[in-house]
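> Dumping the structure here so I can ask a few things about it.
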Amino acid sequence: MVVINVTSPLLRDEIKETLLACEDPKYRYVKNNSRIEMQFEADTDDSAKALRTAKKRIRSLRFGKVIMFRILIDGQFFENGPVYKPGDKEYEATRPAKDTQKNN
């Protein structure tokens, strides 16, 4: 199983629908990491296939070829970069920033 993070400020509902409709690999929605980042699990151990298929599906959307989006394996800073695991100091840096401002 591969966990991927899909970041896009636009077409989030359409992206979610098209990934959930995919059969090979099968994607399962996990959670929103932030307002623009969603997390999915793909039922394959081939991370390249999970990324390639997700990108192809998003580009097949009506405006998928012109919107800005990013897909990374959970724990990556950039495409083709090292993948950090939970518990690594670097893994925490890949998480979206927490809102630390208190409302007064």
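Ordering of the structure tokens sets the chain letters (A, B, ...), residue numbers begin anew at 1 in every chain, and ligands are numbered from 1 in the order given.
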Show which residues sit within 8 Å of region 12-26 of chain A, as a list of chain:residue names. Count only C-alpha atoms, and ignore same-chain residues fewer than 4 positions away.
A:Ser8, A:Ile36, A:Ala42, A:Asp43, A:Thr44, A:Lys49, A:Ala50, A:Thr53, A:Ala54, A:Arg57, A:Ile58, A:Leu61
> Show me, as a PyMOL selection string, the residues that have an atom within 10 Å of region 76-87 of chain A when counting only C-alpha atoms, minus same-chain residues fewer than 5 positions from it.
chain A and resi 4-5+48+51+70-71+92-95
> Could you tell me how far CA of Lys55 (chain A) lies from CA of Glu41 (chain A), in Å and to one decimal?
14.5 Å
> Give me the residues within 9 Å of Gln39 (chain A) as a ChimeraX atom specification, counting only C-alpha atoms and dropping any in the same chain fewer than 5 places off.
/A:3-7,28-33,74
> Please extract the residues of region 5-76 of chain A with a backbone DSSP assignment of strand (DSSP E or B) and present them as a ChimeraX atom specification.
/A:5-7,23,26-32,37-42,70-73
> Output C-alpha atoms for every residue in that selection, as a PDB file, in the first residue's frame.

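The resulting file, selection.pdb, is shown below:
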```pdb
ATOM      1  CA  ASN A   5      -0.697  13.412  -0.803  1.00  0.00           C
ATOM      2  CA  VAL A   6      -2.517  15.361  -3.522  1.00  0.00           C
ATOM      3  CA  THR A   7      -2.231  19.147  -3.292  1.00  0.00           C
ATOM      4  CA  GLU A  23      -9.868   0.592 -10.305  1.00  0.00           C
ATOM      5  CA  LYS A  26      -7.778   1.346  -6.204  1.00  0.00           C
ATOM      6  CA  TYR A  27      -7.529   4.596  -4.206  1.00  0.00           C
ATOM      7  CA  ARG A  28      -9.106   5.141  -0.814  1.00  0.00           C
ATOM      8  CA  TYR A  29      -9.583   8.634   0.615  1.00  0.00           C
ATOM      9  CA  VAL A  30      -7.899   8.951   4.032  1.00  0.00           C
ATOM     10  CA  LYS A  31      -8.201  12.580   5.165  1.00  0.00           C
ATOM     11  CA  ASN A  32      -7.533  16.231   4.429  1.00  0.00           C
ATOM     12  CA  GLU A  37      -4.066  18.791   0.497  1.00  0.00           C
ATOM     13  CA  MET A  38      -5.845  15.423   0.507  1.00  0.00           C
ATOM     14  CA  GLN A  39      -4.374  12.065   1.432  1.00  0.00           C
ATOM     15  CA  PHE A  40      -5.152   8.774  -0.342  1.00  0.00           C
ATOM     16  CA  GLU A  41      -4.045   5.157  -0.026  1.00  0.00           C
ATOM     17  CA  ALA A  42      -3.415   3.168  -3.196  1.00  0.00           C
ATOM     18  CA  ARG A  70       1.257  18.262  -6.870  1.00  0.00           C
ATOM     19  CA  ILE A  71       1.274  14.594  -5.951  1.00  0.00           C
ATOM     20  CA  LEU A  72       3.884  13.199  -3.586  1.00  0.00           C
ATOM     21  CA  ILE A  73       4.370  10.023  -1.619  1.00  0.00           C
TER      22      ILE A  73
END
```
> Quick check for you: according to DSSP on this backbone, which residues of chain A are classed as helix (DSSP H, G or I)? Reply as a PyMOL selection string.
chain A and resi 12-21+47-59+89-93
> One decimal, in Å: what's the spacing between CA of Arg35 (chain A) and CA of Met68 (chain A)?
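Taking CA of Arg35 (chain A) as the start and CA of Met68 (chain A) as the end point, the length is 15.0 Å.
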> Name the closest residue to Leu10 (chain A) among the candidates A:Glu90, A:Ser47, A:Ile67, A:Arg52; distances are taken between atoms, counting only C-alpha atoms.
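Smallest separation from Leu10 (chain A) among the options: A:Ile67.
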> One decimal, in Å: what's the spacing between CA of Pro9 (chain A) and CA of Phe69 (chain A)?
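Between these atoms lies a distance of 7.5 Å.
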